[in-house]
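Structure file query09.cif; described as mmCIF, C-alpha atoms, pLDDT in the B column; chains and numbers go by the auth columns.
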data_final
loop_
_atom_site.group_PDB
_atom_site.id
_atom_site.type_symbol
_atom_site.label_atom_id
_atom_site.label_comp_id
_atom_site.label_asym_id
_atom_site.label_seq_id
_atom_site.Cartn_x
_atom_site.Cartn_y
_atom_site.Cartn_z
_atom_site.B_iso_or_equiv
_atom_site.auth_seq_id
_atom_site.auth_asym_id
ATOM 1 C CA ASP A 1 18.626 -9.830 -42.158 63.00 1 W
ATOM 2 C CA GLY A 2 17.443 -6.236 -41.796 72.00 2 W
ATOM 3 C CA GLY A 3 19.225 -4.019 -39.373 93.00 3 W
ATOM 4 C CA ILE A 4 21.627 -1.193 -38.668 95.00 4 W
ATOM 5 C CA THR A 5 25.384 -1.515 -38.863 96.00 5 W
ATOM 6 C CA GLN A 6 27.944 0.845 -37.417 96.00 6 W
ATOM 7 C CA SER A 7 31.655 0.859 -37.985 93.00 7 W
ATOM 8 C CA PRO A 8 34.171 0.802 -36.600 93.00 8 W
ATOM 9 C CA LYS A 9 33.415 -0.677 -33.184 93.00 9 W
ATOM 10 C CA TYR A 10 36.327 1.258 -31.659 94.00 10 W
ATOM 11 C CA LEU A 11 37.886 4.420 -33.035 93.00 11 W
ATOM 12 C CA PHE A 12 40.874 6.395 -31.861 91.00 12 W
ATOM 13 C CA ARG A 13 41.261 10.067 -32.602 88.00 13 W
ATOM 14 C CA LYS A 14 44.372 12.170 -32.363 88.00 14 W
ATOM 15 C CA GLU A 15 44.258 15.818 -31.350 83.00 15 W
ATOM 16 C CA GLY A 16 43.152 18.049 -34.220 85.00 16 W
ATOM 17 C CA GLN A 17 41.918 15.167 -36.326 91.00 17 W
ATOM 18 C CA ASN A 18 38.498 14.722 -37.908 94.00 18 W
ATOM 19 C CA VAL A 19 37.048 11.217 -37.801 94.00 19 W
ATOM 20 C CA THR A 20 33.956 9.756 -39.461 96.00 20 W
ATOM 21 C CA LEU A 21 31.643 7.160 -37.978 97.00 21 W
ATOM 22 C CA SER A 22 29.647 5.039 -40.370 97.00 22 W
ATOM 23 C CA CYS A 23 25.972 4.123 -40.020 98.00 23 W
ATOM 24 C CA GLU A 24 24.106 2.037 -42.587 97.00 24 W
ATOM 25 C CA GLN A 25 20.569 0.626 -42.452 97.00 25 W
ATOM 26 C CA ASN A 26 18.687 -1.723 -44.751 96.00 26 W
ATOM 27 C CA LEU A 27 15.317 -1.342 -43.028 94.00 27 W
ATOM 28 C CA ASN A 28 14.077 1.194 -45.581 93.00 28 W
ATOM 29 C CA HIS A 29 13.540 3.663 -42.738 93.00 29 W
ATOM 30 C CA ASP A 30 13.182 7.343 -43.549 92.00 30 W
ATOM 31 C CA ALA A 31 14.394 8.796 -40.240 93.00 31 W
ATOM 32 C CA MET A 32 17.900 8.312 -38.854 95.00 32 W
ATOM 33 C CA TYR A 33 19.499 9.613 -35.674 96.00 33 W
ATOM 34 C CA TRP A 34 22.871 10.019 -34.012 97.00 34 W
ATOM 35 C CA TYR A 35 23.108 9.918 -30.223 97.00 35 W
ATOM 36 C CA ARG A 36 25.955 10.339 -27.812 97.00 36 W
ATOM 37 C CA GLN A 37 26.042 8.382 -24.540 95.00 37 W
ATOM 38 C CA ASP A 38 28.207 9.385 -21.591 93.00 38 W
ATOM 39 C CA PRO A 39 28.376 7.593 -18.226 87.00 39 W
ATOM 40 C CA GLY A 40 25.504 8.568 -15.942 82.00 40 W
ATOM 41 C CA GLN A 41 23.661 10.484 -18.648 86.00 41 W
ATOM 42 C CA GLY A 42 20.794 9.633 -20.939 88.00 42 W
ATOM 43 C CA LEU A 43 21.271 9.465 -24.679 93.00 43 W
ATOM 44 C CA ARG A 44 21.646 12.918 -26.141 94.00 44 W
ATOM 45 C CA LEU A 45 20.676 13.770 -29.683 94.00 45 W
ATOM 46 C CA ILE A 46 23.425 15.074 -31.960 97.00 46 W
ATOM 47 C CA TYR A 47 21.689 15.193 -35.346 97.00 47 W
ATOM 48 C CA TYR A 48 18.696 13.620 -37.012 94.00 48 W
ATOM 49 C CA SER A 49 17.434 13.308 -40.558 95.00 49 W
ATOM 50 C CA GLN A 50 13.894 12.634 -41.647 92.00 50 W
ATOM 51 C CA ILE A 51 14.571 12.484 -45.363 92.00 51 W
ATOM 52 C CA VAL A 52 17.450 12.306 -47.833 95.00 52 W
ATOM 53 C CA ASN A 53 19.404 15.559 -48.235 95.00 53 W
ATOM 54 C CA ASP A 54 17.861 17.050 -45.116 95.00 54 W
ATOM 55 C CA PHE A 55 18.964 16.960 -41.475 96.00 55 W
ATOM 56 C CA GLN A 56 18.457 18.947 -38.286 94.00 56 W
ATOM 57 C CA LYS A 57 20.662 19.730 -35.328 95.00 57 W
ATOM 58 C CA GLY A 58 19.945 18.072 -32.033 93.00 58 W
ATOM 59 C CA ASP A 59 20.798 19.261 -28.541 91.00 59 W
ATOM 60 C CA ILE A 60 24.578 18.844 -28.822 95.00 60 W
ATOM 61 C CA ALA A 61 25.421 19.385 -32.513 96.00 61 W
ATOM 62 C CA GLU A 62 28.438 21.667 -31.972 96.00 62 W
ATOM 63 C CA GLY A 63 31.628 20.031 -33.197 96.00 63 W
ATOM 64 C CA TYR A 64 29.811 17.445 -35.303 97.00 64 W
ATOM 65 C CA SER A 65 28.636 17.273 -38.910 97.00 65 W
ATOM 66 C CA VAL A 66 26.508 14.820 -40.895 98.00 66 W
ATOM 67 C CA SER A 67 25.358 14.100 -44.419 97.00 67 W
ATOM 68 C CA ARG A 68 22.397 12.179 -45.818 97.00 68 W
ATOM 69 C CA GLU A 69 23.100 11.590 -49.486 97.00 69 W
ATOM 70 C CA LYS A 70 21.466 8.163 -49.505 97.00 70 W
ATOM 71 C CA LYS A 71 18.486 6.813 -47.582 96.00 71 W
ATOM 72 C CA GLU A 72 20.565 3.931 -46.216 97.00 72 W
ATOM 73 C CA SER A 73 23.511 5.941 -44.950 98.00 73 W
ATOM 74 C CA PHE A 74 23.950 8.657 -42.305 98.00 74 W
ATOM 75 C CA PRO A 75 27.659 9.169 -41.488 98.00 75 W
ATOM 76 C CA LEU A 76 28.731 11.329 -38.567 98.00 76 W
ATOM 77 C CA THR A 77 31.956 13.334 -38.604 97.00 77 W
ATOM 78 C CA VAL A 78 33.496 14.321 -35.293 96.00 78 W
ATOM 79 C CA THR A 79 35.510 17.421 -36.064 94.00 79 W
ATOM 80 C CA SER A 80 38.508 18.878 -34.278 89.00 80 W
ATOM 81 C CA ALA A 81 36.136 21.520 -32.880 88.00 81 W
ATOM 82 C CA GLN A 82 34.588 18.881 -30.606 89.00 82 W
ATOM 83 C CA LYS A 83 36.798 19.254 -27.541 87.00 83 W
ATOM 84 C CA ASN A 84 35.465 16.317 -25.562 90.00 84 W
ATOM 85 C CA PRO A 85 34.685 13.594 -28.103 92.00 85 W
ATOM 86 C CA THR A 86 35.335 10.546 -25.931 94.00 86 W
ATOM 87 C CA ALA A 87 31.960 8.789 -25.720 95.00 87 W
ATOM 88 C CA PHE A 88 29.837 5.959 -27.028 96.00 88 W
ATOM 89 C CA TYR A 89 28.021 6.879 -30.229 97.00 89 W
ATOM 90 C CA LEU A 90 24.784 5.213 -31.248 97.00 90 W
ATOM 91 C CA CYS A 91 22.975 5.412 -34.556 97.00 91 W
ATOM 92 C CA ALA A 92 19.261 4.661 -34.767 95.00 92 W
ATOM 93 C CA SER A 93 16.489 4.657 -37.329 94.00 93 W
ATOM 94 C CA THR A 94 12.721 4.676 -37.350 91.00 94 W
ATOM 95 C CA GLN A 95 10.026 4.421 -39.969 86.00 95 W
ATOM 96 C CA ARG A 96 8.565 7.835 -40.696 71.00 96 W
ATOM 97 C CA GLY A 97 5.426 8.108 -38.603 60.00 97 W
ATOM 98 C CA GLY A 98 6.320 4.910 -36.757 56.00 98 W
ATOM 99 C CA GLU A 99 7.939 5.179 -33.393 78.00 99 W
ATOM 100 C CA THR A 100 9.955 2.094 -32.577 87.00 100 W
ATOM 101 C CA GLN A 101 13.632 2.959 -32.871 91.00 101 W
ATOM 102 C CA TYR A 102 16.143 0.411 -34.052 94.00 102 W
ATOM 103 C CA PHE A 103 19.686 0.891 -32.818 95.00 103 W
ATOM 104 C CA GLY A 104 23.060 -0.004 -34.220 96.00 104 W
ATOM 105 C CA PRO A 105 25.701 -1.695 -32.049 95.00 105 W
ATOM 106 C CA GLY A 106 27.525 1.582 -31.392 96.00 106 W
ATOM 107 C CA THR A 107 31.020 3.009 -31.876 96.00 107 W
ATOM 108 C CA ARG A 108 33.269 3.815 -28.935 95.00 108 W
ATOM 109 C CA LEU A 109 35.462 6.836 -29.679 95.00 109 W
ATOM 110 C CA LEU A 110 38.609 7.428 -27.681 92.00 110 W
ATOM 111 C CA VAL A 111 41.050 10.301 -27.863 86.00 111 W
ATOM 112 C CA LEU A 112 44.791 9.550 -27.924 81.00 112 W
ATOM 113 C CA LYS B 1 16.029 20.053 -17.668 55.00 1 V
ATOM 114 C CA ASN B 2 15.221 16.373 -17.553 65.00 2 V
ATOM 115 C CA GLU B 3 11.998 15.323 -19.180 87.00 3 V
ATOM 116 C CA VAL B 4 12.326 11.675 -18.119 94.00 4 V
ATOM 117 C CA GLU B 5 13.211 10.464 -14.626 95.00 5 V
ATOM 118 C CA GLN B 6 13.894 6.836 -13.716 96.00 6 V
ATOM 119 C CA SER B 7 14.195 5.089 -10.388 96.00 7 V
ATOM 120 C CA PRO B 8 16.086 3.421 -8.980 97.00 8 V
ATOM 121 C CA GLN B 9 19.411 4.204 -10.664 95.00 9 V
ATOM 122 C CA ASN B 10 20.881 0.895 -9.557 96.00 10 V
ATOM 123 C CA LEU B 11 19.173 -2.299 -8.504 97.00 11 V
ATOM 124 C CA THR B 12 20.535 -5.621 -7.285 98.00 12 V
ATOM 125 C CA ALA B 13 18.215 -8.603 -6.957 97.00 13 V
ATOM 126 C CA GLN B 14 18.426 -12.282 -6.156 97.00 14 V
ATOM 127 C CA GLU B 15 17.499 -14.678 -8.910 98.00 15 V
ATOM 128 C CA GLY B 16 13.755 -15.304 -8.882 97.00 16 V
ATOM 129 C CA GLU B 17 12.771 -11.956 -7.381 98.00 17 V
ATOM 130 C CA PHE B 18 10.069 -9.713 -8.822 98.00 18 V
ATOM 131 C CA ILE B 19 11.578 -6.460 -10.069 98.00 19 V
ATOM 132 C CA THR B 20 9.995 -3.067 -10.708 98.00 20 V
ATOM 133 C CA ILE B 21 11.610 -0.105 -12.445 98.00 21 V
ATOM 134 C CA ASN B 22 9.773 3.207 -12.498 98.00 22 V
ATOM 135 C CA CYS B 23 9.682 6.038 -15.005 98.00 23 V
ATOM 136 C CA SER B 24 8.094 9.482 -14.724 97.00 24 V
ATOM 137 C CA TYR B 25 7.919 12.073 -17.455 95.00 25 V
ATOM 138 C CA SER B 26 6.940 15.708 -17.636 90.00 26 V
ATOM 139 C CA VAL B 27 6.144 16.316 -21.297 81.00 27 V
ATOM 140 C CA GLY B 28 3.299 15.419 -23.617 83.00 28 V
ATOM 141 C CA ILE B 29 4.006 12.185 -25.417 88.00 29 V
ATOM 142 C CA SER B 30 2.696 10.018 -28.203 87.00 30 V
ATOM 143 C CA ALA B 31 4.382 6.894 -26.851 92.00 31 V
ATOM 144 C CA LEU B 32 6.626 5.589 -24.093 94.00 32 V
ATOM 145 C CA HIS B 33 9.407 3.118 -24.750 95.00 33 V
ATOM 146 C CA TRP B 34 11.348 0.675 -22.636 97.00 34 V
ATOM 147 C CA LEU B 35 14.779 -0.235 -23.954 97.00 35 V
ATOM 148 C CA GLN B 36 17.402 -2.725 -22.811 97.00 36 V
ATOM 149 C CA GLN B 37 21.127 -2.085 -23.095 96.00 37 V
ATOM 150 C CA HIS B 38 23.526 -4.972 -22.517 91.00 38 V
ATOM 151 C CA PRO B 39 27.147 -4.540 -21.352 86.00 39 V
ATOM 152 C CA GLY B 40 28.387 -4.594 -24.941 83.00 40 V
ATOM 153 C CA GLY B 41 26.426 -1.420 -25.572 85.00 41 V
ATOM 154 C CA GLY B 42 23.790 -2.497 -28.063 90.00 42 V
ATOM 155 C CA ILE B 43 20.236 -1.329 -27.382 95.00 43 V
ATOM 156 C CA VAL B 44 17.056 -3.222 -28.162 94.00 44 V
ATOM 157 C CA SER B 45 13.509 -1.992 -27.901 94.00 45 V
ATOM 158 C CA LEU B 46 11.407 -3.993 -25.433 96.00 46 V
ATOM 159 C CA PHE B 47 8.098 -2.174 -25.488 95.00 47 V
ATOM 160 C CA MET B 48 6.359 0.771 -27.047 94.00 48 V
ATOM 161 C CA LEU B 49 3.098 1.706 -25.381 93.00 49 V
ATOM 162 C CA SER B 50 0.706 4.613 -25.296 92.00 50 V
ATOM 163 C CA SER B 51 -1.863 3.221 -22.872 93.00 51 V
ATOM 164 C CA GLY B 52 -2.581 0.303 -20.593 94.00 52 V
ATOM 165 C CA LYS B 53 -0.306 -2.666 -20.315 97.00 53 V
ATOM 166 C CA LYS B 54 1.830 -4.933 -22.484 96.00 54 V
ATOM 167 C CA LYS B 55 3.385 -8.290 -21.683 97.00 55 V
ATOM 168 C CA HIS B 56 6.191 -10.194 -23.365 95.00 56 V
ATOM 169 C CA GLY B 57 7.364 -13.324 -21.645 96.00 57 V
ATOM 170 C CA ARG B 58 8.447 -12.382 -18.117 97.00 58 V
ATOM 171 C CA LEU B 59 8.389 -8.663 -18.867 98.00 59 V
ATOM 172 C CA ILE B 60 5.366 -6.453 -18.235 98.00 60 V
ATOM 173 C CA ALA B 61 5.122 -2.736 -18.985 98.00 61 V
ATOM 174 C CA THR B 62 2.364 -0.450 -17.757 98.00 62 V
ATOM 175 C CA ILE B 63 1.603 3.198 -18.300 97.00 63 V
ATOM 176 C CA ASN B 64 -0.684 5.674 -16.545 96.00 64 V
ATOM 177 C CA ILE B 65 -1.151 8.627 -18.881 93.00 65 V
ATOM 178 C CA GLN B 66 -2.921 10.809 -16.310 93.00 66 V
ATOM 179 C CA GLU B 67 -0.117 10.385 -13.781 94.00 67 V
ATOM 180 C CA LYS B 68 2.633 10.468 -16.459 95.00 68 V
ATOM 181 C CA HIS B 69 4.156 7.332 -15.027 96.00 69 V
ATOM 182 C CA SER B 70 5.231 3.952 -16.333 98.00 70 V
ATOM 183 C CA SER B 71 6.600 0.813 -14.731 98.00 71 V
ATOM 184 C CA LEU B 72 8.584 -2.098 -16.092 98.00 72 V
ATOM 185 C CA HIS B 73 8.201 -5.347 -14.183 98.00 73 V
ATOM 186 C CA ILE B 74 10.328 -8.464 -14.483 98.00 74 V
ATOM 187 C CA THR B 75 8.895 -11.619 -12.980 97.00 75 V
ATOM 188 C CA ALA B 76 11.089 -14.536 -11.875 97.00 76 V
ATOM 189 C CA SER B 77 14.265 -12.561 -12.573 97.00 77 V
ATOM 190 C CA HIS B 78 17.288 -14.350 -14.001 97.00 78 V
ATOM 191 C CA PRO B 79 20.981 -13.397 -14.240 96.00 79 V
ATOM 192 C CA ARG B 80 20.572 -12.950 -18.002 95.00 80 V
ATOM 193 C CA ASP B 81 18.200 -10.057 -17.229 97.00 81 V
ATOM 194 C CA SER B 82 21.217 -8.094 -15.958 97.00 82 V
ATOM 195 C CA ALA B 83 21.401 -4.991 -18.131 97.00 83 V
ATOM 196 C CA VAL B 84 20.618 -1.286 -18.162 97.00 84 V
ATOM 197 C CA TYR B 85 16.936 -0.543 -18.710 98.00 85 V
ATOM 198 C CA ILE B 86 16.174 2.787 -20.313 97.00 86 V
ATOM 199 C CA CYS B 87 12.865 4.609 -20.386 97.00 87 V
ATOM 200 C CA ALA B 88 12.237 6.963 -23.294 94.00 88 V
ATOM 201 C CA VAL B 89 9.296 9.051 -24.465 93.00 89 V
ATOM 202 C CA SER B 90 8.520 10.169 -27.976 89.00 90 V
ATOM 203 C CA TRP B 91 6.480 12.789 -29.755 84.00 91 V
ATOM 204 C CA GLY B 92 6.447 12.159 -33.476 76.00 92 V
ATOM 205 C CA ASN B 93 10.086 11.599 -34.409 77.00 93 V
ATOM 206 C CA GLN B 94 11.531 13.259 -31.282 84.00 94 V
ATOM 207 C CA PHE B 95 12.791 11.071 -28.430 89.00 95 V
ATOM 208 C CA TYR B 96 13.791 11.899 -24.850 90.00 96 V
ATOM 209 C CA PHE B 97 15.698 9.387 -22.752 93.00 97 V
ATOM 210 C CA GLY B 98 16.073 8.669 -19.053 94.00 98 V
ATOM 211 C CA THR B 99 19.501 7.954 -17.590 94.00 99 V
ATOM 212 C CA GLY B 100 18.752 4.261 -17.189 95.00 100 V
ATOM 213 C CA THR B 101 18.455 1.742 -14.363 97.00 101 V
ATOM 214 C CA SER B 102 21.348 -0.675 -13.977 96.00 102 V
ATOM 215 C CA LEU B 103 20.007 -4.078 -12.930 97.00 103 V
ATOM 216 C CA THR B 104 22.172 -6.889 -11.591 97.00 104 V
ATOM 217 C CA VAL B 105 20.553 -10.241 -10.870 98.00 105 V
ATOM 218 C CA ILE B 106 22.635 -12.492 -8.640 97.00 106 V
ATOM 219 C CA PRO B 107 22.362 -16.281 -8.984 96.00 107 V
#

Rewritten as C-alpha cells:
Amino acid sequence: DGGITQSPKYLFRKEGQNVTLSCEQNLNHDAMYWYRQDPGQGLRLIYYSQIVNDFQKGDIAEGYSVSREKKESFPLTVTSAQKNPTAFYLCASTQRGGETQYFGPGTRLLVL
Amino acid sequence: KNEVEQSPQNLTAQEGEFITINCSYSVGISALHWLQQHPGGGIVSLFMLSSGKKKHGRLIATINIQEKHSSLHITASHPRDSAVYICAVSWGNQFYFGTGTSLTVIP
C-alpha cells in the first residue's frame, strides 16, 4: 500500500539533545512537508522540499533542520536550539503541481 | 495574521443532526481543502475544491469564491463523525491551515 510512515510514534528528548524524526513516503511524490501542531493552533510549516537536495524554510524553521537526500525520505532534526519542542509533528507529501496532501500518522515529541 | 478562520471552534450535536462548519479565508487560493483529524492524530483529506460543490457519502463541501467562504456539511451525523475538521487553502505548493473545529456527536 502507498502511504507515508513516520517514526517513532512517541519520542522523548532530554535537555540539550538533538533528536531526529523520520518520514518516508512511497507515493513517488516530489514535495514533502514538515508541520508542527500545538493545541489551539493550526498546523504551522517548519520546512518543505519540492525536489531532492533542495528545501526551504517555513514559518517556524528556527531550531530545526532537514535533509532531502532521497525522494522518499525527509527527516527532521529537532536541535537543542529549539527551546519549546514539545508538540505533535506531522509529515506530509503532495505530487508536484497536484494539491491533495497526504499525511503521516505523526510523532509526538515530549521533553524530559 | 490568520489567513483561514473557522467557526465554530467546538460543536456538540445529537446523533442524526445536520451539521455545518464554516471557513473563511483572506488570501488568493488555487484550492480549498477539508481535512479530518481523529483523536489519534492522523489527518486524512476529505475534499479538495476550487469551485461549486462536492459530495461524498454524508459529507458535502461547498465553496463561494467571490465571498471567500466554504462550508462543510454532515448529514445524519453519527458518533463516528466525532473528530477535528480542518479547513486549509493552497496556492501551488503552499498551504495555510485553520485552527480546526472539534466536533462531538452524542449517541

**Prompt:** What does the PyMOL selection byres ((chain V and resi 53-65) around 12) select in this file, as a PyMOL selection string?
**Reply:** chain V and resi 16-36+45-52+66-78+81+85+87+89

Can I get the selection written as a PDB file, keeping the file's coordinate frame, with C-alpha atoms?
ATOM      1  CA  GLY V  16      13.755 -15.304  -8.882  1.00 97.00           C
ATOM      2  CA  GLU V  17      12.771 -11.956  -7.381  1.00 98.00           C
ATOM      3  CA  PHE V  18      10.069  -9.713  -8.822  1.00 98.00           C
ATOM      4  CA  ILE V  19      11.578  -6.460 -10.069  1.00 98.00           C
ATOM      5  CA  THR V  20       9.995  -3.067 -10.708  1.00 98.00           C
ATOM      6  CA  ILE V  21      11.610  -0.105 -12.445  1.00 98.00           C
ATOM      7  CA  ASN V  22       9.773   3.207 -12.498  1.00 98.00           C
ATOM      8  CA  CYS V  23       9.682   6.038 -15.005  1.00 98.00           C
ATOM      9  CA  SER V  24       8.094   9.482 -14.724  1.00 97.00           C
ATOM     10  CA  TYR V  25       7.919  12.073 -17.455  1.00 95.00           C
ATOM     11  CA  SER V  26       6.940  15.708 -17.636  1.00 90.00           C
ATOM     12  CA  VAL V  27       6.144  16.316 -21.297  1.00 81.00           C
ATOM     13  CA  GLY V  28       3.299  15.419 -23.617  1.00 83.00           C
ATOM     14  CA  ILE V  29       4.006  12.185 -25.417  1.00 88.00           C
ATOM     15  CA  SER V  30       2.696  10.018 -28.203  1.00 87.00           C
ATOM     16  CA  ALA V  31       4.382   6.894 -26.851  1.00 92.00           C
ATOM     17  CA  LEU V  32       6.626   5.589 -24.093  1.00 94.00           C
ATOM     18  CA  HIS V  33       9.407   3.118 -24.750  1.00 95.00           C
ATOM     19  CA  TRP V  34      11.348   0.675 -22.636  1.00 97.00           C
ATOM     20  CA  LEU V  35      14.779  -0.235 -23.954  1.00 97.00           C
ATOM     21  CA  GLN V  36      17.402  -2.725 -22.811  1.00 97.00           C
ATOM     22  CA  SER V  45      13.509  -1.992 -27.901  1.00 94.00           C
ATOM     23  CA  LEU V  46      11.407  -3.993 -25.433  1.00 96.00           C
ATOM     24  CA  PHE V  47       8.098  -2.174 -25.488  1.00 95.00           C
ATOM     25  CA  MET V  48       6.359   0.771 -27.047  1.00 94.00           C
ATOM     26  CA  LEU V  49       3.098   1.706 -25.381  1.00 93.00           C
ATOM     27  CA  SER V  50       0.706   4.613 -25.296  1.00 92.00           C
ATOM     28  CA  SER V  51      -1.863   3.221 -22.872  1.00 93.00           C
ATOM     29  CA  GLY V  52      -2.581   0.303 -20.593  1.00 94.00           C
ATOM     30  CA  GLN V  66      -2.921  10.809 -16.310  1.00 93.00           C
ATOM     31  CA  GLU V  67      -0.117  10.385 -13.781  1.00 94.00           C
ATOM     32  CA  LYS V  68       2.633  10.468 -16.459  1.00 95.00           C
ATOM     33  CA  HIS V  69       4.156   7.332 -15.027  1.00 96.00           C
ATOM     34  CA  SER V  70       5.231   3.952 -16.333  1.00 98.00           C
ATOM     35  CA  SER V  71       6.600   0.813 -14.731  1.00 98.00           C
ATOM     36  CA  LEU V  72       8.584  -2.098 -16.092  1.00 98.00           C
ATOM     37  CA  HIS V  73       8.201  -5.347 -14.183  1.00 98.00           C
ATOM     38  CA  ILE V  74      10.328  -8.464 -14.483  1.00 98.00           C
ATOM     39  CA  THR V  75       8.895 -11.619 -12.980  1.00 97.00           C
ATOM     40  CA  ALA V  76      11.089 -14.536 -11.875  1.00 97.00           C
ATOM     41  CA  SER V  77      14.265 -12.561 -12.573  1.00 97.00           C
ATOM     42  CA  HIS V  78      17.288 -14.350 -14.001  1.00 97.00           C
ATOM     43  CA  ASP V  81      18.200 -10.057 -17.229  1.00 97.00           C
ATOM     44  CA  TYR V  85      16.936  -0.543 -18.710  1.00 98.00           C
ATOM     45  CA  CYS V  87      12.865   4.609 -20.386  1.00 97.00           C
ATOM     46  CA  VAL V  89       9.296   9.051 -24.465  1.00 93.00           C
TER      47      VAL V  89
END

**Asked** What do you get, as a list in words, if you spell out every residue that the PyMOL selection byres ((chain W) within 6 of (chain V)) selects here?
**Response**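 Applied to this file, the PyMOL selection byres ((chain W) within 6 of (chain V)) returns Gln41, Gly42, Leu43, Phe103 and Pro105 of chain W.
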
**Request:** Please write as a PyMOL selection string the full residue list that the PyMOL selection byres ((chain W and resi 49-63) around 12) yields on this file.
**Result:** (chain W and resi 16-19+28-37+43-48+64-85+91-98) or (chain V and resi 1+92-96)

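In terms of minimum interatomic distance to Gln14 in chain V, V:Ile106 ranks closest within V:His38, V:Ile106, V:Pro79, V:Val84, counting only C-alpha atoms.
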
List every protein, DNA or RNA residue with an atom no more than 6 Å from (29.8, 3.7, -32.1) in the file's coordinates, counting all atoms listed in the file, and format the result as a compact mmCIF listing (two decimals) with C-alpha atoms, in the frame of the given file.
# COMPACT_ATOMS: atom_id res chain seq x y z
CA LYS W 9 33.42 -0.68 -33.18
CA PHE W 88 29.84 5.96 -27.03
CA TYR W 89 28.02 6.88 -30.23
CA LEU W 90 24.78 5.21 -31.25
CA GLY W 106 27.52 1.58 -31.39
CA THR W 107 31.02 3.01 -31.88
CA ARG W 108 33.27 3.82 -28.94

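For the atom pair formed by CA of Ser22 in chain W and CA of Gln6 in chain W, the distance is 5.4 Å, given to one decimal.
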
**Prompt:** Closest to Gln37 in chain V among V:Glu15, V:Ser102, V:Glu3, V:Pro8, using all atoms listed in the file?
**Reply:** V:Ser102

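Reported to one decimal place, the separation of CA of Gln101 in chain W from CA of Leu27 in chain W is 11.2 Å.
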
**Asked** What does the distance between CA of Val111 in chain W and CA of Pro39 in chain V come to in Å, to one decimal place?
**Response** 21.4 Å
